[in-house]
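Have a look at start.cif below; it lists mmCIF, C-alpha atoms.
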```cif
data_entry
loop_
_atom_site.group_PDB
_atom_site.id
_atom_site.type_symbol
_atom_site.label_atom_id
_atom_site.label_comp_id
_atom_site.auth_asym_id
_atom_site.auth_seq_id
_atom_site.Cartn_x
_atom_site.Cartn_y
_atom_site.Cartn_z
ATOM 1 C CA MET A 1 152.659 158.295 73.218
ATOM 2 C CA THR A 2 153.575 154.797 72.056
ATOM 3 C CA ALA A 3 153.526 153.481 68.510
ATOM 4 C CA GLU A 4 150.698 151.127 69.508
ATOM 5 C CA THR A 5 147.945 153.750 69.454
ATOM 6 C CA THR A 6 147.079 157.297 68.604
ATOM 7 C CA ALA A 7 144.005 157.286 70.838
ATOM 8 C CA LEU A 8 143.574 160.298 73.096
ATOM 9 C CA PRO A 9 140.815 161.515 75.412
ATOM 10 C CA PRO A 10 138.756 164.367 73.968
ATOM 11 C CA VAL A 11 140.141 167.850 74.552
ATOM 12 C CA VAL A 12 137.689 170.212 76.295
ATOM 13 C CA SER A 13 137.716 173.527 78.130
ATOM 14 C CA ALA A 14 138.869 173.707 81.729
ATOM 15 C CA ASP A 15 135.262 174.343 82.872
ATOM 16 C CA GLU A 16 133.915 171.278 81.073
ATOM 17 C CA TRP A 17 136.778 169.151 82.395
ATOM 18 C CA ARG A 18 135.967 170.295 85.927
ATOM 19 C CA ARG A 19 132.281 169.400 85.493
ATOM 20 C CA GLU A 20 133.172 165.912 84.271
ATOM 21 C CA LEU A 21 135.643 165.454 87.112
ATOM 22 C CA ASP A 22 133.044 166.566 89.676
ATOM 23 C CA ALA A 23 130.547 164.065 88.268
ATOM 24 C CA LEU A 24 133.106 161.273 88.541
ATOM 25 C CA ARG A 25 133.968 162.370 92.071
ATOM 26 C CA VAL A 26 130.401 161.640 93.173
ATOM 27 C CA ARG A 27 130.878 157.989 92.187
ATOM 28 C CA GLU A 28 134.365 157.857 93.711
ATOM 29 C CA LYS A 29 133.078 159.158 97.045
ATOM 30 C CA ALA A 30 130.211 156.653 96.958
ATOM 31 C CA ALA A 31 132.735 153.868 96.388
ATOM 32 C CA THR A 32 134.807 155.103 99.333
ATOM 33 C CA ARG A 33 131.764 155.024 101.607
ATOM 34 C CA GLU A 34 130.924 151.519 100.369
ATOM 35 C CA LEU A 35 134.471 150.348 101.131
ATOM 36 C CA ASP A 36 134.107 151.819 104.628
ATOM 37 C CA ALA A 37 130.866 149.868 105.069
ATOM 38 C CA ILE A 38 132.538 146.679 103.838
ATOM 39 C CA ALA A 39 135.393 147.174 106.299
ATOM 40 C CA ALA A 40 132.851 147.673 109.091
ATOM 41 C CA GLN A 41 131.155 144.394 108.143
ATOM 42 C CA ARG A 42 134.553 142.675 108.023
ATOM 43 C CA ARG A 43 135.210 143.796 111.601
ATOM 44 C CA ARG A 44 131.972 142.093 112.604
ATOM 45 C CA LEU A 45 132.719 138.739 110.977
ATOM 46 C CA PRO A 46 132.670 135.698 113.256
ATOM 47 C CA MET A 47 135.805 133.558 113.394
ATOM 48 C CA VAL A 48 136.742 129.884 113.521
ATOM 49 C CA GLU A 49 139.261 128.307 115.870
ATOM 50 C CA LEU A 50 142.128 126.464 114.202
ATOM 51 C CA PRO A 51 144.039 123.336 115.230
ATOM 52 C CA PRO A 52 147.690 123.707 116.337
ATOM 53 C CA TYR A 53 149.329 123.807 112.903
ATOM 54 C CA ARG A 54 153.098 123.439 112.688
ATOM 55 C CA LEU A 55 155.119 125.430 110.152
ATOM 56 C CA THR A 56 158.839 125.750 109.521
ATOM 57 C CA GLY A 57 160.686 129.050 109.729
ATOM 58 C CA PRO A 58 164.334 130.119 109.710
ATOM 59 C CA GLU A 59 164.589 129.117 113.375
ATOM 60 C CA GLY A 60 163.081 125.676 112.788
ATOM 61 C CA GLU A 61 159.639 124.210 113.398
ATOM 62 C CA VAL A 62 157.167 126.564 115.057
ATOM 63 C CA SER A 63 153.494 126.610 115.868
ATOM 64 C CA LEU A 64 151.131 128.924 114.020
ATOM 65 C CA ALA A 65 150.768 130.825 117.308
ATOM 66 C CA ASP A 66 154.558 131.322 117.328
ATOM 67 C CA VAL A 67 154.418 132.951 113.883
ATOM 68 C CA PHE A 68 152.620 135.911 115.489
ATOM 69 C CA GLN A 69 155.865 136.634 117.421
ATOM 70 C CA GLY A 70 153.873 137.953 120.361
ATOM 71 C CA ARG A 71 151.410 139.989 118.325
ATOM 72 C CA SER A 72 147.663 139.464 118.389
ATOM 73 C CA GLN A 73 146.965 139.723 114.632
ATOM 74 C CA LEU A 74 148.580 138.043 111.628
ATOM 75 C CA ILE A 75 148.218 138.303 107.847
ATOM 76 C CA THR A 76 149.596 135.511 105.662
ATOM 77 C CA TYR A 77 150.097 135.465 101.911
ATOM 78 C CA HIS A 78 150.194 131.953 100.469
ATOM 79 C CA HIS A 79 152.659 132.106 97.573
ATOM 80 C CA MET A 80 151.849 129.872 94.585
ATOM 81 C CA TRP A 81 154.565 127.245 94.284
ATOM 82 C CA ASN A 82 155.687 124.929 91.495
ATOM 83 C CA PRO A 83 158.177 122.469 93.037
ATOM 84 C CA GLY A 84 161.624 122.703 91.529
ATOM 85 C CA ALA A 85 160.764 125.534 89.126
ATOM 86 C CA GLU A 86 163.453 128.125 88.437
ATOM 87 C CA TRP A 87 160.889 130.939 88.474
ATOM 88 C CA GLN A 88 157.742 130.919 90.561
ATOM 89 C CA CYS A 89 154.445 132.679 89.821
ATOM 90 C CA PRO A 90 155.188 136.207 88.531
ATOM 91 C CA GLY A 91 151.951 137.507 90.027
ATOM 92 C CA CYS A 92 152.895 136.308 93.513
ATOM 93 C CA THR A 93 156.508 137.356 93.043
ATOM 94 C CA GLY A 94 155.473 140.842 91.954
ATOM 95 C CA PHE A 95 152.756 141.231 94.558
ATOM 96 C CA THR A 96 154.987 140.363 97.505
ATOM 97 C CA ALA A 97 157.934 142.367 96.099
ATOM 98 C CA GLN A 98 155.962 145.534 96.940
ATOM 99 C CA PHE A 99 156.148 144.956 100.678
ATOM 100 C CA THR A 100 159.626 146.165 101.563
ATOM 101 C CA ARG A 101 158.538 147.912 104.748
ATOM 102 C CA THR A 102 155.896 146.345 107.020
ATOM 103 C CA GLU A 103 156.913 147.973 110.294
ATOM 104 C CA PHE A 104 153.831 150.189 110.065
ATOM 105 C CA LEU A 105 151.832 147.162 111.243
ATOM 106 C CA GLU A 106 153.633 147.025 114.586
ATOM 107 C CA PRO A 107 151.590 149.801 116.283
ATOM 108 C CA TYR A 108 148.497 147.827 115.238
ATOM 109 C CA ASP A 109 149.750 144.690 117.011
ATOM 110 C CA ALA A 110 150.019 142.850 113.674
ATOM 111 C CA ARG A 111 152.467 141.020 111.423
ATOM 112 C CA PHE A 112 152.461 140.087 107.689
ATOM 113 C CA VAL A 113 154.359 137.022 106.406
ATOM 114 C CA ILE A 114 154.582 134.722 103.379
ATOM 115 C CA VAL A 115 153.749 131.029 103.557
ATOM 116 C CA ALA A 116 154.747 128.632 100.774
ATOM 117 C CA ASN A 117 153.920 124.970 100.223
ATOM 118 C CA ALA A 118 157.601 124.334 99.630
ATOM 119 C CA PRO A 119 160.600 123.063 101.607
ATOM 120 C CA LEU A 120 162.021 125.980 103.550
ATOM 121 C CA ASP A 121 165.462 125.864 101.914
ATOM 122 C CA GLU A 122 163.865 126.016 98.455
ATOM 123 C CA ALA A 123 161.569 128.869 99.482
ATOM 124 C CA MET A 124 164.381 130.854 101.107
ATOM 125 C CA ALA A 125 166.644 130.407 98.075
ATOM 126 C CA TYR A 126 163.917 131.864 95.862
ATOM 127 C CA ARG A 127 163.371 134.694 98.335
ATOM 128 C CA GLU A 128 167.029 135.604 98.055
ATOM 129 C CA LYS A 129 167.089 135.267 94.265
ATOM 130 C CA VAL A 130 164.236 137.716 93.722
ATOM 131 C CA GLY A 131 165.222 140.074 96.546
ATOM 132 C CA ASN A 132 162.063 139.581 98.606
ATOM 133 C CA ARG A 133 162.113 141.380 101.987
ATOM 134 C CA MET A 134 159.275 139.614 103.787
ATOM 135 C CA ASP A 135 159.533 136.829 106.375
ATOM 136 C CA TRP A 136 158.846 133.388 104.871
ATOM 137 C CA TYR A 137 157.532 130.157 106.380
ATOM 138 C CA SER A 138 157.129 126.698 104.917
ATOM 139 C CA ALA A 139 153.879 124.755 105.135
ATOM 140 C CA ALA A 140 155.328 121.700 103.382
ATOM 141 C CA GLY A 141 154.027 118.483 104.889
ATOM 142 C CA SER A 142 151.215 120.328 106.651
ATOM 143 C CA THR A 143 147.517 120.605 105.853
ATOM 144 C CA PHE A 144 147.736 124.325 106.554
ATOM 145 C CA GLY A 145 147.817 125.267 102.850
ATOM 146 C CA PRO A 146 144.786 123.235 101.753
ATOM 147 C CA ASP A 147 142.863 124.187 104.881
ATOM 148 C CA MET A 148 143.508 127.871 104.157
ATOM 149 C CA ASP A 149 142.238 127.554 100.555
ATOM 150 C CA ALA A 150 145.741 127.474 99.077
ATOM 151 C CA ALA A 151 146.487 123.823 98.388
ATOM 152 C CA PRO A 152 149.721 122.911 96.575
ATOM 153 C CA GLY A 153 149.343 123.605 92.868
ATOM 154 C CA GLU A 154 145.990 125.345 93.290
ATOM 155 C CA GLY A 155 146.735 129.030 93.757
ATOM 156 C CA PHE A 156 147.393 131.831 96.198
ATOM 157 C CA ALA A 157 145.461 133.278 99.112
ATOM 158 C CA VAL A 158 145.459 135.919 101.806
ATOM 159 C CA ASN A 159 144.300 134.912 105.278
ATOM 160 C CA VAL A 160 143.955 136.881 108.500
ATOM 161 C CA PHE A 161 144.201 135.435 112.001
ATOM 162 C CA LEU A 162 143.632 136.543 115.575
ATOM 163 C CA ARG A 163 145.532 135.059 118.527
ATOM 164 C CA ASP A 164 144.272 134.720 122.078
ATOM 165 C CA GLY A 165 147.069 133.159 124.086
ATOM 166 C CA ASP A 166 147.899 129.876 122.329
ATOM 167 C CA ARG A 167 144.544 129.769 120.565
ATOM 168 C CA VAL A 168 144.465 130.963 116.932
ATOM 169 C CA PHE A 169 141.353 131.927 114.996
ATOM 170 C CA ARG A 170 140.830 132.503 111.267
ATOM 171 C CA THR A 171 138.961 135.776 110.688
ATOM 172 C CA TRP A 172 139.134 136.546 106.929
ATOM 173 C CA HIS A 173 140.216 135.145 103.594
ATOM 174 C CA THR A 174 140.436 136.250 99.972
ATOM 175 C CA SER A 175 142.077 135.191 96.724
ATOM 176 C CA GLY A 176 142.003 136.104 93.039
ATOM 177 C CA ARG A 177 141.107 139.736 92.400
ATOM 178 C CA GLY A 178 140.237 140.118 96.068
ATOM 179 C CA THR A 179 143.935 140.765 96.658
ATOM 180 C CA GLU A 180 143.911 143.897 94.459
ATOM 181 C CA GLN A 181 142.771 146.042 97.385
ATOM 182 C CA LEU A 182 146.051 145.167 99.115
ATOM 183 C CA THR A 183 148.337 146.420 96.340
ATOM 184 C CA HIS A 184 149.298 149.913 95.287
ATOM 185 C CA THR A 185 150.245 148.895 91.738
ATOM 186 C CA PHE A 186 146.758 148.618 90.253
ATOM 187 C CA ALA A 187 145.556 151.600 92.289
ATOM 188 C CA LEU A 188 148.150 153.745 90.533
ATOM 189 C CA ILE A 189 147.776 152.132 87.102
ATOM 190 C CA ASP A 190 143.987 152.579 87.198
ATOM 191 C CA LEU A 191 144.523 156.347 87.519
ATOM 192 C CA LEU A 192 146.245 156.481 84.133
ATOM 193 C CA PRO A 193 144.233 157.563 81.069
ATOM 194 C CA TRP A 194 144.838 154.210 79.349
ATOM 195 C CA GLY A 195 144.459 152.185 82.560
ATOM 196 C CA ARG A 196 145.739 148.620 82.647
ATOM 197 C CA GLN A 197 145.457 148.254 78.875
ATOM 198 C CA GLU A 198 144.066 144.723 79.235
ATOM 199 C CA ALA A 199 141.590 143.302 76.734
ATOM 200 C CA TRP A 200 138.896 142.470 79.306
ATOM 201 C CA GLN A 201 138.532 146.086 80.444
ATOM 202 C CA ASP A 202 135.818 148.484 79.355
ATOM 203 C CA SER A 203 137.829 151.145 77.507
ATOM 204 C CA PRO A 204 137.002 153.632 74.742
ATOM 205 C CA GLU A 205 137.440 152.500 71.159
ATOM 206 C CA GLY A 206 141.044 152.759 70.025
ATOM 207 C CA TRP A 207 142.530 152.479 73.520
ATOM 208 C CA PRO A 208 145.612 150.205 73.666
ATOM 209 C CA GLN A 209 144.548 146.769 74.885
ATOM 210 C CA GLN A 210 146.571 143.581 75.182
ATOM 211 C CA PRO A 211 146.031 140.150 76.743
ATOM 212 C CA THR A 212 145.893 140.039 80.525
ATOM 213 C CA TYR A 213 149.344 139.749 82.164
ATOM 214 C CA GLU A 214 151.110 141.064 79.032
ATOM 215 C CA ARG A 215 152.468 144.114 80.869
ATOM 216 C CA TRP A 216 153.002 142.467 84.242
ATOM 217 C CA THR A 217 156.580 142.403 85.529
ATOM 218 C CA SER A 218 158.165 138.967 85.199
ATOM 219 C CA SER A 219 159.867 137.128 88.045
ATOM 220 C CA GLU A 220 163.124 137.380 86.104
ATOM 221 C CA ASP A 221 162.790 141.175 85.884
ATOM 222 C CA ILE A 222 162.073 141.423 89.607
ATOM 223 C CA ALA A 223 165.179 139.361 90.359
ATOM 224 C CA ALA A 224 167.258 141.572 88.073
ATOM 225 C CA ALA A 225 165.990 144.696 89.819
ATOM 226 C CA TYR A 226 166.068 143.556 93.445
ATOM 227 C CA GLY A 227 167.721 140.172 93.776
ATOM 228 C CA ALA A 228 171.217 139.193 94.845
ATOM 229 C CA GLY A 229 173.789 141.031 92.770
ATOM 230 C CA SER A 230 171.351 143.693 91.561
ATOM 231 C CA GLY A 231 172.926 146.409 93.679
ATOM 232 C CA HIS A 232 169.550 147.365 95.177
ATOM 233 C CA ARG A 233 169.707 145.283 98.346
ATOM 234 C CA ASP A 234 170.272 146.972 101.721
#
```
Could I get this file's structure written as structure tokens?
Amino acid sequence: MTAETTALPPVVSADEWRRELDALRVREKAATRELDAIAAQRRRLPMVELPPYRLTGPEGEVSLADVFQGRSQLITYHHMWNPGAEWQCPGCTGFTAQFTRTEFLEPYDARFVIVANAPLDEAMAYREKVGNRMDWYSAAGSTFGPDMDAAPGEGFAVNVFLRDGDRVFRTWHTSGRGTEQLTHTFALIDLLPWGRQEAWQDSPEGWPQQPTYERWTSSEDIAAAYGAGSGHRD
């Protein structure tokens, strides 16, 4: 227990705890079925064909179709970018730091990459500094960012694409809290008795609550843990 609070859930018998857990489980199972229904609707979304965007990767300029590297499906995360800043968005830095192994997508004919509205050398230097493991591409000088709802200086976004030969189609997009379903951090934190401990949340009286982002890992901390010289790189 921290010095910030003495709040604790009520203590009950094992039988009463089991009854309360079973009641909560009804809602959890309903939420699972709703998520299944949402995924089914997502699979039925129409799509829109895209123009032949050009991005820049480690091997030079490539088409968006080339970014698939022969796969049929592609997920992109548009990383927020402040030109010339020493440390980029901690939310984006922390979110993408989770994805150290994406090979599980290969049997699904899919790939997951980061796109930044930044010169490639600047983006790759930051990738190295914070120890990011994902593949990065630059959309600098392209309308790809704005067209994908992630214009320079405006925020982050996740987009999904389908490739048919050289033709590329946009199938799904989200931003803001829509990205939470893609992370394991909040899924684990939300299991804890005190939850995220953020002021906006509905918590019992006396629960520790602080401003949003107060407990989020900083970009500097991520670099110290995983970046060059941290001792945690492969």
I'd like the residues picked by the PyMOL selection byres ((chain A and resi 193) around 10) written out as a CSV table (one decimal) with C-alpha atoms, in the coordinates of the input, using the chain letters and numbers from the file.
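Final file, expr-v9.csv:
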```
chain,number,residue,atom,x,y,z
A,8,LEU,CA,143.6,160.3,73.1
A,9,PRO,CA,140.8,161.5,75.4
A,189,ILE,CA,147.8,152.1,87.1
A,190,ASP,CA,144.0,152.6,87.2
A,191,LEU,CA,144.5,156.3,87.5
A,192,LEU,CA,146.2,156.5,84.1
A,194,TRP,CA,144.8,154.2,79.3
A,195,GLY,CA,144.5,152.2,82.6
A,196,ARG,CA,145.7,148.6,82.6
A,197,GLN,CA,145.5,148.3,78.9
A,203,SER,CA,137.8,151.1,77.5
A,207,TRP,CA,142.5,152.5,73.5
```
**Message:** I'd like the neighbourhood of Ala7 (chain A) as an NGL selection string, where a residue qualifies if any of its atoms comes within 10 Å (using only C-alpha atoms), though same-chain residues fewer than 6 positions away should be ignored.
**Reply:** :A and (1 or 194 or 204-208)
**Message:** Counting all atoms listed in the file, I want the residues whose atoms come within 10 Å of (150.3, 140.5, 106.2) in the file frame, returned as a list of chain:residue names.
**Reply:**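 Checking each residue against the 10 Å limit leaves A:Gln73, A:Leu74, A:Ile75, A:Thr76, A:Tyr77, A:Thr96, A:Phe99, A:Thr102, A:Leu105, A:Ala110, A:Arg111, A:Phe112, A:Val113, A:Ile114, A:Met134, A:Asp135, A:Val158, A:Asn159, A:Val160, A:Phe161, A:Leu182.
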Next, dump the selected residues to file, keeping only C-alpha atoms, as a PDB file, keeping the file's coordinate frame.
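New file again-v6.pdb:
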```
ATOM      1  CA  GLN A  73     146.965 139.723 114.632  1.00  0.00           C
ATOM      2  CA  LEU A  74     148.580 138.043 111.628  1.00  0.00           C
ATOM      3  CA  ILE A  75     148.218 138.303 107.847  1.00  0.00           C
ATOM      4  CA  THR A  76     149.596 135.511 105.662  1.00  0.00           C
ATOM      5  CA  TYR A  77     150.097 135.465 101.911  1.00  0.00           C
ATOM      6  CA  THR A  96     154.987 140.363  97.505  1.00  0.00           C
ATOM      7  CA  PHE A  99     156.148 144.956 100.678  1.00  0.00           C
ATOM      8  CA  THR A 102     155.896 146.345 107.020  1.00  0.00           C
ATOM      9  CA  LEU A 105     151.832 147.162 111.243  1.00  0.00           C
ATOM     10  CA  ALA A 110     150.019 142.850 113.674  1.00  0.00           C
ATOM     11  CA  ARG A 111     152.467 141.020 111.423  1.00  0.00           C
ATOM     12  CA  PHE A 112     152.461 140.087 107.689  1.00  0.00           C
ATOM     13  CA  VAL A 113     154.359 137.022 106.406  1.00  0.00           C
ATOM     14  CA  ILE A 114     154.582 134.722 103.379  1.00  0.00           C
ATOM     15  CA  MET A 134     159.275 139.614 103.787  1.00  0.00           C
ATOM     16  CA  ASP A 135     159.533 136.829 106.375  1.00  0.00           C
ATOM     17  CA  VAL A 158     145.459 135.919 101.806  1.00  0.00           C
ATOM     18  CA  ASN A 159     144.300 134.912 105.278  1.00  0.00           C
ATOM     19  CA  VAL A 160     143.955 136.881 108.500  1.00  0.00           C
ATOM     20  CA  PHE A 161     144.201 135.435 112.001  1.00  0.00           C
ATOM     21  CA  LEU A 182     146.051 145.167  99.115  1.00  0.00           C
TER      22      LEU A 182
END
```
**Asked** Of the candidates A:Glu103, A:Glu61, A:Asp147, A:Asp221, which shows the shortest atom-to-atom distance to Pro119 (chain A), using all atoms listed in the file?
**Response** A:Glu61
**Prompt:** So which one's closest to Asn117 (chain A), A:Gly94, A:Val62, A:Gly131, A:Thr56? Using only C-alpha atoms, please.
**Reply:** A:Thr56
**Coordinates-based distance that separates CA of Ala223 (chain A) from CA of Ala97 (chain A) (Å, one decimal)** =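 Between CA of Ala97 (chain A) and CA of Ala223 (chain A) the gap works out to 9.7 Å.
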**Asked** By how many Å are CA of Tyr226 (chain A) and CA of Thr93 (chain A) apart?
**Response**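 So the two atoms, CA of Tyr226 (chain A) and CA of Thr93 (chain A), lie 11.4 Å apart.
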**Asked** Which value, in Å to one decimal, gives the distance between CA of Ser72 (chain A) and CA of Asp109 (chain A)?
**Response**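 Spanning CA of Ser72 (chain A) to CA of Asp109 (chain A) is a straight-line distance of 5.8 Å.
When the PyMOL selection byres ((chain A and resi 167) around 10) is run on the displayed coordinates, the residues it returns are A:Glu49, A:Leu50, A:Pro51, A:Pro52, A:Leu64, A:Ala65, A:Leu162, A:Arg163, A:Asp164, A:Gly165, A:Asp166, A:Val168, A:Phe169.
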**Message:** Could you list, as a list in words, every residue matched by the PyMOL selection byres ((chain A and resi 211) around 10) in this structure?
**Reply:**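 Checked against the file, the PyMOL selection byres ((chain A and resi 211) around 10) matches Gln197, Glu198, Ala199, Trp200, Gln209, Gln210, Thr212, Tyr213, Glu214 and Arg215 of chain A.
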Go ahead and write the selection's residues with C-alpha atoms as a PDB file, in the coordinates of the input.
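In the end it all went to selection27.pdb:
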```
ATOM      1  CA  GLN A 197     145.457 148.254  78.875  1.00  0.00           C
ATOM      2  CA  GLU A 198     144.066 144.723  79.235  1.00  0.00           C
ATOM      3  CA  ALA A 199     141.590 143.302  76.734  1.00  0.00           C
ATOM      4  CA  TRP A 200     138.896 142.470  79.306  1.00  0.00           C
ATOM      5  CA  GLN A 209     144.548 146.769  74.885  1.00  0.00           C
ATOM      6  CA  GLN A 210     146.571 143.581  75.182  1.00  0.00           C
ATOM      7  CA  THR A 212     145.893 140.039  80.525  1.00  0.00           C
ATOM      8  CA  TYR A 213     149.344 139.749  82.164  1.00  0.00           C
ATOM      9  CA  GLU A 214     151.110 141.064  79.032  1.00  0.00           C
ATOM     10  CA  ARG A 215     152.468 144.114  80.869  1.00  0.00           C
TER      11      ARG A 215
END
```
Report, as JSON, the axis-aligned box around all atoms of region 60-74 of chain A present in the file, extended by 5 Å on each side; give centre and edge lengths in Å to one decimal place.
```
{"center_x": 155.0, "center_y": 132.1, "center_z": 116.0, "size_x": 26.1, "size_y": 25.8, "size_z": 18.7}
```
**Asked** Taking all atoms listed in the file into account, which of A:Thr171, A:Arg18, A:Leu24, A:Val130 comes nearest Pro90 (chain A)?
**Response**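 Using all atoms listed in the file, Pro90 (chain A) sits closest to A:Val130.
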**Request:** Name the closest residue to Gly176 (chain A) among the candidates A:Ala14, A:Leu120, A:Met80, A:Ala225; distances are taken between atoms, counting all atoms listed in the file.
**Result:**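 Counting all atoms listed in the file, the residue closest to Gly176 (chain A) is A:Met80.
Of the residues listed (A:Ser230, A:Ser142, A:Gln98, A:Gln201), A:Gln98 shows the shortest atom-to-atom separation from Thr185 (chain A); distances use only C-alpha atoms.
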**Prompt:** Nearest to Ala228 (chain A) among A:Asp22, A:Asp149, A:Glu128, A:Asp202, with distances taken over only C-alpha atoms: which residue is it?
**Reply:** A:Glu128
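Near Gly155 (chain A), within 12 Å and counting all atoms listed in the file, sit A:Tyr77, A:His78, A:His79, A:Met80, A:Trp81, A:Asn82, A:Gln88, A:Cys89, A:Gly91, A:Cys92, A:Ala116, A:Asn117, A:Gly145, A:Pro146, A:Met148, A:Asp149, A:Ala150, A:Ala151, A:Pro152, A:Val158, A:Thr174, A:Ser175, A:Gly176; same-chain residues fewer than 3 positions away were not included.
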